[in-house]
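**Student:** Here it is, the structure in full.
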Amino acid sequence: MIKERYDDKYFDSMWDHKVVDYDHNQFPWYNRILSVVQEVKPSCKSLGILHESFDRNEIVPLRKKVEQFVRTKEFSGWVDDYLHHIIRDSMSDYMIQSTPTLNFVLPDQQKHGSLLTFHTGHLTAYNNGMNTIWTPVSSAYSTNSMQVVSWEDSKKLTNDFVDQKLSMAEMQRRCTELSYPVEIRPGHAWLFNQGHWHGNVNNTTGVTRIGLDIRAMSKGTDYGYRKPGSYFRFPGDTVEVPKVDTDRRWIVFNDPAGDYIGTMPFYIARSFIENYADQLGIKPVGWHNEYTMTDWNPHLEFFMNETEVQGIALLSMHGLSSPINRRMELFESCVDKDIHILFCDENFLLDSREGLSYIKKCLEFSSQ
Ligand SMILES: [Fe+2]
């Protein structure tokens, strides 16, 4: 299955291991990221020496703080403009990674357990049709940079990896031999697709490097785990936690019947919904599960039609066992009855007819 993803029909020279220029004055990523870092530690004067201001166990909280910033309306707008600046007309209809990834590569990161080992996008749940723009926030060079393997070598490496069930230590060795560091400065970005092996080696430069990954997904992509409305957003949108009416009579409803959560124990999915609802101040009056071996959501429909529930918290708009048309019919009847539906994974509250078209757009993004 992994090998099939290297079919030539997926090859696109625009995303083949390629450097492009961008206007650094228009997109000053370094200053923007440094300003958030300095909110936490004003004494940190430069991203390159960030490791002198932060202990290793402070990096994960720092990443989370920066991730909050990259999800804001302001930052999402910059990302929209940046993607358009780089992609131009090469992808006509696409979605954008909702939370761009910030990678912090500190010196000597391997022994500290934070080495990003070589991998392909295919191995990290990205499919063809998703492309990555990798932008070093500060200069990337030598061992603090990312290393990339060519498409042809990547094909061979994947064959050997799968056929011989190679260890990651062996892959790290082989990829290091076949790759070289991407040496670029702010004003340059690196484009690659999901088949290229890429990763890091131990950073022996003594300088911290931060990289910004942003992915774009074209319409029609078989997106798997990386879902529209969740991992990906439409240009112009922002993924924000919605405000809900906590005075309503809410229930938590989990649908384990489709293939969305597989055979994961019910309570794990339910806990996620409950925690999310709790953060929004919802005090549910109960929880229910859809009946297994059904695909028309009869139990969910019962609570919509035969009770006086005013709000239903669901895991995801993608996580129901009924087909899209049936789901839309149920959601539409909720709007008619003024029942609010909260979709936790998508941070989305359905409380109006406009919301229906947004849901349909997300659910149908994979159709050509
Ligand atoms: Fe990656």
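Naming works like this for the structure tokens: A, B, ... for the chains as they're shown, residue 1 at the start of each chain, ligands 1 onward in shown order.
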For ligand 1, return the neighbouring residues as number ranges by chain (distance at most 8 Å; only C-alpha atoms and all ligand atoms).
**Tutor:** A: 118-121, 124, 198-199
**Student:** Go ahead and write the selection's residues with C-alpha atoms as a short mmCIF file (atom, residue, chain, number, x, y, z; two decimals), in the first residue's frame.
**Tutor:**
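Writing the result to result.cif gives the following:
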data_model
loop_
_atom_site.label_atom_id
_atom_site.label_comp_id
_atom_site.auth_asym_id
_atom_site.auth_seq_id
_atom_site.Cartn_x
_atom_site.Cartn_y
_atom_site.Cartn_z
CA PHE A 118 13.53 10.51 8.89
CA HIS A 119 10.06 9.70 7.61
CA THR A 120 7.73 10.31 4.69
CA GLY A 121 4.38 12.05 4.77
CA THR A 124 2.69 10.16 9.12
CA HIS A 198 13.00 13.85 5.17
CA GLY A 199 14.06 14.38 8.76
#
**Student:** As an MDAnalysis selection string, please: every residue in range 104-161 of chain A that a backbone DSSP assignment puts in helix (DSSP H, G or I).
**Tutor:** chainID A and resid 122:124 142:144 151:161
**Student:** Could you save the residues just selected, with N, CA and C atoms, as a compact mmCIF listing (two decimals), in the first residue's frame?
**Tutor:**
# COMPACT_ATOMS: atom_id res chain seq x y z
N HIS A 122 3.66 9.92 3.87
CA HIS A 122 2.79 8.74 3.83
C HIS A 122 2.79 7.99 5.16
N LEU A 123 3.95 8.00 5.81
CA LEU A 123 4.07 7.27 7.09
C LEU A 123 3.50 8.06 8.27
N THR A 124 3.22 9.34 8.03
CA THR A 124 2.69 10.16 9.12
C THR A 124 1.27 10.64 8.78
N SER A 142 23.59 23.22 7.69
CA SER A 142 24.31 22.07 8.26
C SER A 142 23.37 21.17 9.06
N THR A 143 23.80 20.74 10.23
CA THR A 143 23.00 19.74 10.96
C THR A 143 21.78 20.31 11.69
N ASN A 144 21.61 21.63 11.69
CA ASN A 144 20.37 22.12 12.33
C ASN A 144 19.22 22.18 11.31
N TRP A 151 13.19 12.16 -4.85
CA TRP A 151 12.01 11.33 -5.08
C TRP A 151 12.41 9.90 -5.49
N GLU A 152 13.38 9.78 -6.41
CA GLU A 152 13.78 8.44 -6.88
C GLU A 152 14.41 7.63 -5.75
N ASP A 153 15.30 8.27 -4.99
CA ASP A 153 15.91 7.55 -3.86
C ASP A 153 14.86 7.23 -2.80
N SER A 154 13.88 8.12 -2.64
CA SER A 154 12.82 7.87 -1.65
C SER A 154 12.02 6.63 -2.01
N LYS A 155 11.78 6.47 -3.30
CA LYS A 155 11.06 5.28 -3.77
C LYS A 155 11.80 4.01 -3.38
N LYS A 156 13.11 4.02 -3.67
CA LYS A 156 13.93 2.82 -3.36
C LYS A 156 13.98 2.58 -1.85
N LEU A 157 14.15 3.65 -1.10
CA LEU A 157 14.22 3.51 0.36
C LEU A 157 12.93 2.91 0.92
N THR A 158 11.79 3.37 0.38
CA THR A 158 10.51 2.85 0.88
C THR A 158 10.37 1.37 0.55
N ASN A 159 10.80 0.98 -0.67
CA ASN A 159 10.75 -0.44 -1.03
C ASN A 159 11.54 -1.28 -0.04
N ASP A 160 12.76 -0.84 0.25
CA ASP A 160 13.61 -1.61 1.17
C ASP A 160 13.03 -1.61 2.59
N PHE A 161 12.53 -0.46 2.99
CA PHE A 161 11.97 -0.31 4.35
C PHE A 161 10.84 -1.34 4.56
**Student:** Tell me which protein, DNA and RNA residues are within 9 Å of Ile341 in chain A, counting only C-alpha atoms, leaving out same-chain ones fewer than 4 positions away, and put them as a PyMOL selection string.
**Tutor:** chain A and resi 310-314+331+334-335+348-351
**Student:** What are the closest atom pairs, with distances in Å to one decimal, for each residue of range 15-74 of chain A lying within 8 Å of range 179-188 of chain A, using only C-alpha atoms, rows by chain and rising residue number, as a Markdown table?
**Tutor:**
| residue | atom | partner | partner_atom | distance |
| --- | --- | --- | --- | --- |
| A:Val19 | CA | A:His188 | CA | 6.5 |
| A:Val20 | CA | A:His188 | CA | 5.6 |
| A:Asp21 | CA | A:His188 | CA | 4.5 |
| A:Tyr22 | CA | A:Gly187 | CA | 5.1 |
| A:Asp23 | CA | A:Gly187 | CA | 5.9 |
| A:His24 | CA | A:Gly187 | CA | 4.8 |
| A:Tyr30 | CA | A:Pro186 | CA | 7.8 |
**Student:** Just the selected residues (C-alpha atoms), exported as a CSV table (one decimal), in the first residue's frame, please.
**Tutor:**
chain,number,residue,atom,x,y,z
A,19,VAL,CA,13.3,26.0,-3.3
A,20,VAL,CA,11.2,29.0,-4.0
A,21,ASP,CA,11.6,32.7,-3.0
A,22,TYR,CA,9.1,34.7,-1.1
A,23,ASP,CA,9.0,38.3,0.0
A,24,HIS,CA,10.5,38.3,3.5
A,30,TYR,CA,11.2,35.4,12.3
**Student:** Compare A:Arg88, A:Lys360, A:Met146, A:Ser139 by their minimum atom-to-atom distance to Leu116 in chain A, counting only C-alpha atoms, and give me the closest one.
**Tutor:**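 With only C-alpha atoms as the atom set, the closest residue is A:Met146.
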**Student:** Name all residues at most 9 Å from Ser366 in chain A (count only C-alpha atoms; drop same-chain ones fewer than 4 positions away) and give them as a list in words.
**Tutor:**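 Everything that qualifies: Ser218, Lys219, Gly220, Thr221, Asp222, Tyr223, Pro228 and Cys362 of chain A.
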**Student:** Where does DSSP see strand (DSSP E) in range 162-237 of chain A, if you list the residues as a PDB file with N, CA and C atoms, in the first residue's frame?
**Tutor:**
ATOM      1  N   TYR A 180      20.985  15.527   1.888  1.00  0.00           N
ATOM      2  CA  TYR A 180      21.868  16.620   2.277  1.00  0.00           C
ATOM      3  C   TYR A 180      20.996  17.692   2.929  1.00  0.00           C
ATOM      4  N   PRO A 181      21.597  18.536   3.768  1.00  0.00           N
ATOM      5  CA  PRO A 181      20.766  19.525   4.456  1.00  0.00           C
ATOM      6  C   PRO A 181      20.233  20.589   3.508  1.00  0.00           C
ATOM      7  N   HIS A 188      13.324  32.182   1.688  1.00  0.00           N
ATOM      8  CA  HIS A 188      13.233  30.973   0.870  1.00  0.00           C
ATOM      9  C   HIS A 188      12.346  29.960   1.576  1.00  0.00           C
ATOM     10  N   ALA A 189      11.629  29.207   0.776  1.00  0.00           N
ATOM     11  CA  ALA A 189      10.844  28.099   1.335  1.00  0.00           C
ATOM     12  C   ALA A 189      11.134  26.861   0.508  1.00  0.00           C
ATOM     13  N   TRP A 190      10.881  25.710   1.114  1.00  0.00           N
ATOM     14  CA  TRP A 190      11.196  24.443   0.472  1.00  0.00           C
ATOM     15  C   TRP A 190       9.889  23.699   0.245  1.00  0.00           C
ATOM     16  N   LEU A 191       9.656  23.285  -0.986  1.00  0.00           N
ATOM     17  CA  LEU A 191       8.399  22.596  -1.288  1.00  0.00           C
ATOM     18  C   LEU A 191       8.671  21.110  -1.514  1.00  0.00           C
ATOM     19  N   PHE A 192       7.900  20.285  -0.883  1.00  0.00           N
ATOM     20  CA  PHE A 192       8.035  18.840  -1.153  1.00  0.00           C
ATOM     21  C   PHE A 192       6.691  18.164  -0.946  1.00  0.00           C
ATOM     22  N   ASN A 193       6.608  16.944  -1.459  1.00  0.00           N
ATOM     23  CA  ASN A 193       5.332  16.248  -1.317  1.00  0.00           C
ATOM     24  C   ASN A 193       5.471  15.107  -0.316  1.00  0.00           C
ATOM     25  N   HIS A 198      12.382  12.632   4.639  1.00  0.00           N
ATOM     26  CA  HIS A 198      12.999  13.850   5.172  1.00  0.00           C
ATOM     27  C   HIS A 198      13.058  13.715   6.694  1.00  0.00           C
ATOM     28  N   GLY A 199      13.930  14.463   7.290  1.00  0.00           N
ATOM     29  CA  GLY A 199      14.058  14.380   8.755  1.00  0.00           C
ATOM     30  C   GLY A 199      15.309  15.095   9.210  1.00  0.00           C
ATOM     31  N   ARG A 209      17.227  25.961  15.544  1.00  0.00           N
ATOM     32  CA  ARG A 209      16.531  26.337  14.305  1.00  0.00           C
ATOM     33  C   ARG A 209      15.043  26.033  14.479  1.00  0.00           C
ATOM     34  N   ILE A 210      14.203  26.958  14.024  1.00  0.00           N
ATOM     35  CA  ILE A 210      12.752  26.743  14.088  1.00  0.00           C
ATOM     36  C   ILE A 210      12.215  26.721  12.665  1.00  0.00           C
ATOM     37  N   GLY A 211      11.368  25.747  12.396  1.00  0.00           N
ATOM     38  CA  GLY A 211      10.772  25.640  11.056  1.00  0.00           C
ATOM     39  C   GLY A 211       9.256  25.690  11.139  1.00  0.00           C
ATOM     40  N   LEU A 212       8.670  26.253  10.107  1.00  0.00           N
ATOM     41  CA  LEU A 212       7.212  26.366  10.029  1.00  0.00           C
ATOM     42  C   LEU A 212       6.744  25.482   8.867  1.00  0.00           C
ATOM     43  N   ASP A 213       5.925  24.495   9.176  1.00  0.00           N
ATOM     44  CA  ASP A 213       5.361  23.624   8.123  1.00  0.00           C
ATOM     45  C   ASP A 213       3.923  24.043   7.879  1.00  0.00           C
ATOM     46  N   ILE A 214       3.587  24.250   6.626  1.00  0.00           N
ATOM     47  CA  ILE A 214       2.184  24.502   6.294  1.00  0.00           C
ATOM     48  C   ILE A 214       1.822  23.591   5.130  1.00  0.00           C
ATOM     49  N   ARG A 215       0.714  22.889   5.261  1.00  0.00           N
ATOM     50  CA  ARG A 215       0.309  21.972   4.196  1.00  0.00           C
ATOM     51  C   ARG A 215      -0.938  22.474   3.491  1.00  0.00           C
ATOM     52  N   ALA A 216      -0.977  22.189   2.200  1.00  0.00           N
ATOM     53  CA  ALA A 216      -2.163  22.527   1.401  1.00  0.00           C
ATOM     54  C   ALA A 216      -2.692  21.224   0.816  1.00  0.00           C
ATOM     55  N   MET A 217      -4.004  21.063   0.828  1.00  0.00           N
ATOM     56  CA  MET A 217      -4.622  19.823   0.317  1.00  0.00           C
ATOM     57  C   MET A 217      -5.558  20.166  -0.829  1.00  0.00           C
ATOM     58  N   SER A 218      -5.352  19.499  -1.979  1.00  0.00           N
ATOM     59  CA  SER A 218      -6.242  19.805  -3.108  1.00  0.00           C
ATOM     60  C   SER A 218      -7.564  19.063  -3.003  1.00  0.00           C
ATOM     61  N   PHE A 232      -7.594  20.416   8.429  1.00  0.00           N
ATOM     62  CA  PHE A 232      -7.548  21.419   7.357  1.00  0.00           C
ATOM     63  C   PHE A 232      -8.719  22.378   7.470  1.00  0.00           C
ATOM     64  N   ARG A 233      -8.475  23.619   7.117  1.00  0.00           N
ATOM     65  CA  ARG A 233      -9.525  24.639   7.076  1.00  0.00           C
ATOM     66  C   ARG A 233      -9.568  25.245   5.673  1.00  0.00           C
TER      67      ARG A 233
END
**Student:** Measure the distance from CA of Ile33 in chain A to CA of Glu52 in chain A in Å and round it to one decimal.
**Tutor:**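 These two atoms are separated by 16.8 Å.
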**Student:** Tell me, in Å to one decimal, how far CA of Thr208 in chain A is from CA of Thr99 in chain A.
**Tutor:**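 For CA of Thr208 in chain A relative to CA of Thr99 in chain A, the distance reads 21.7 Å.
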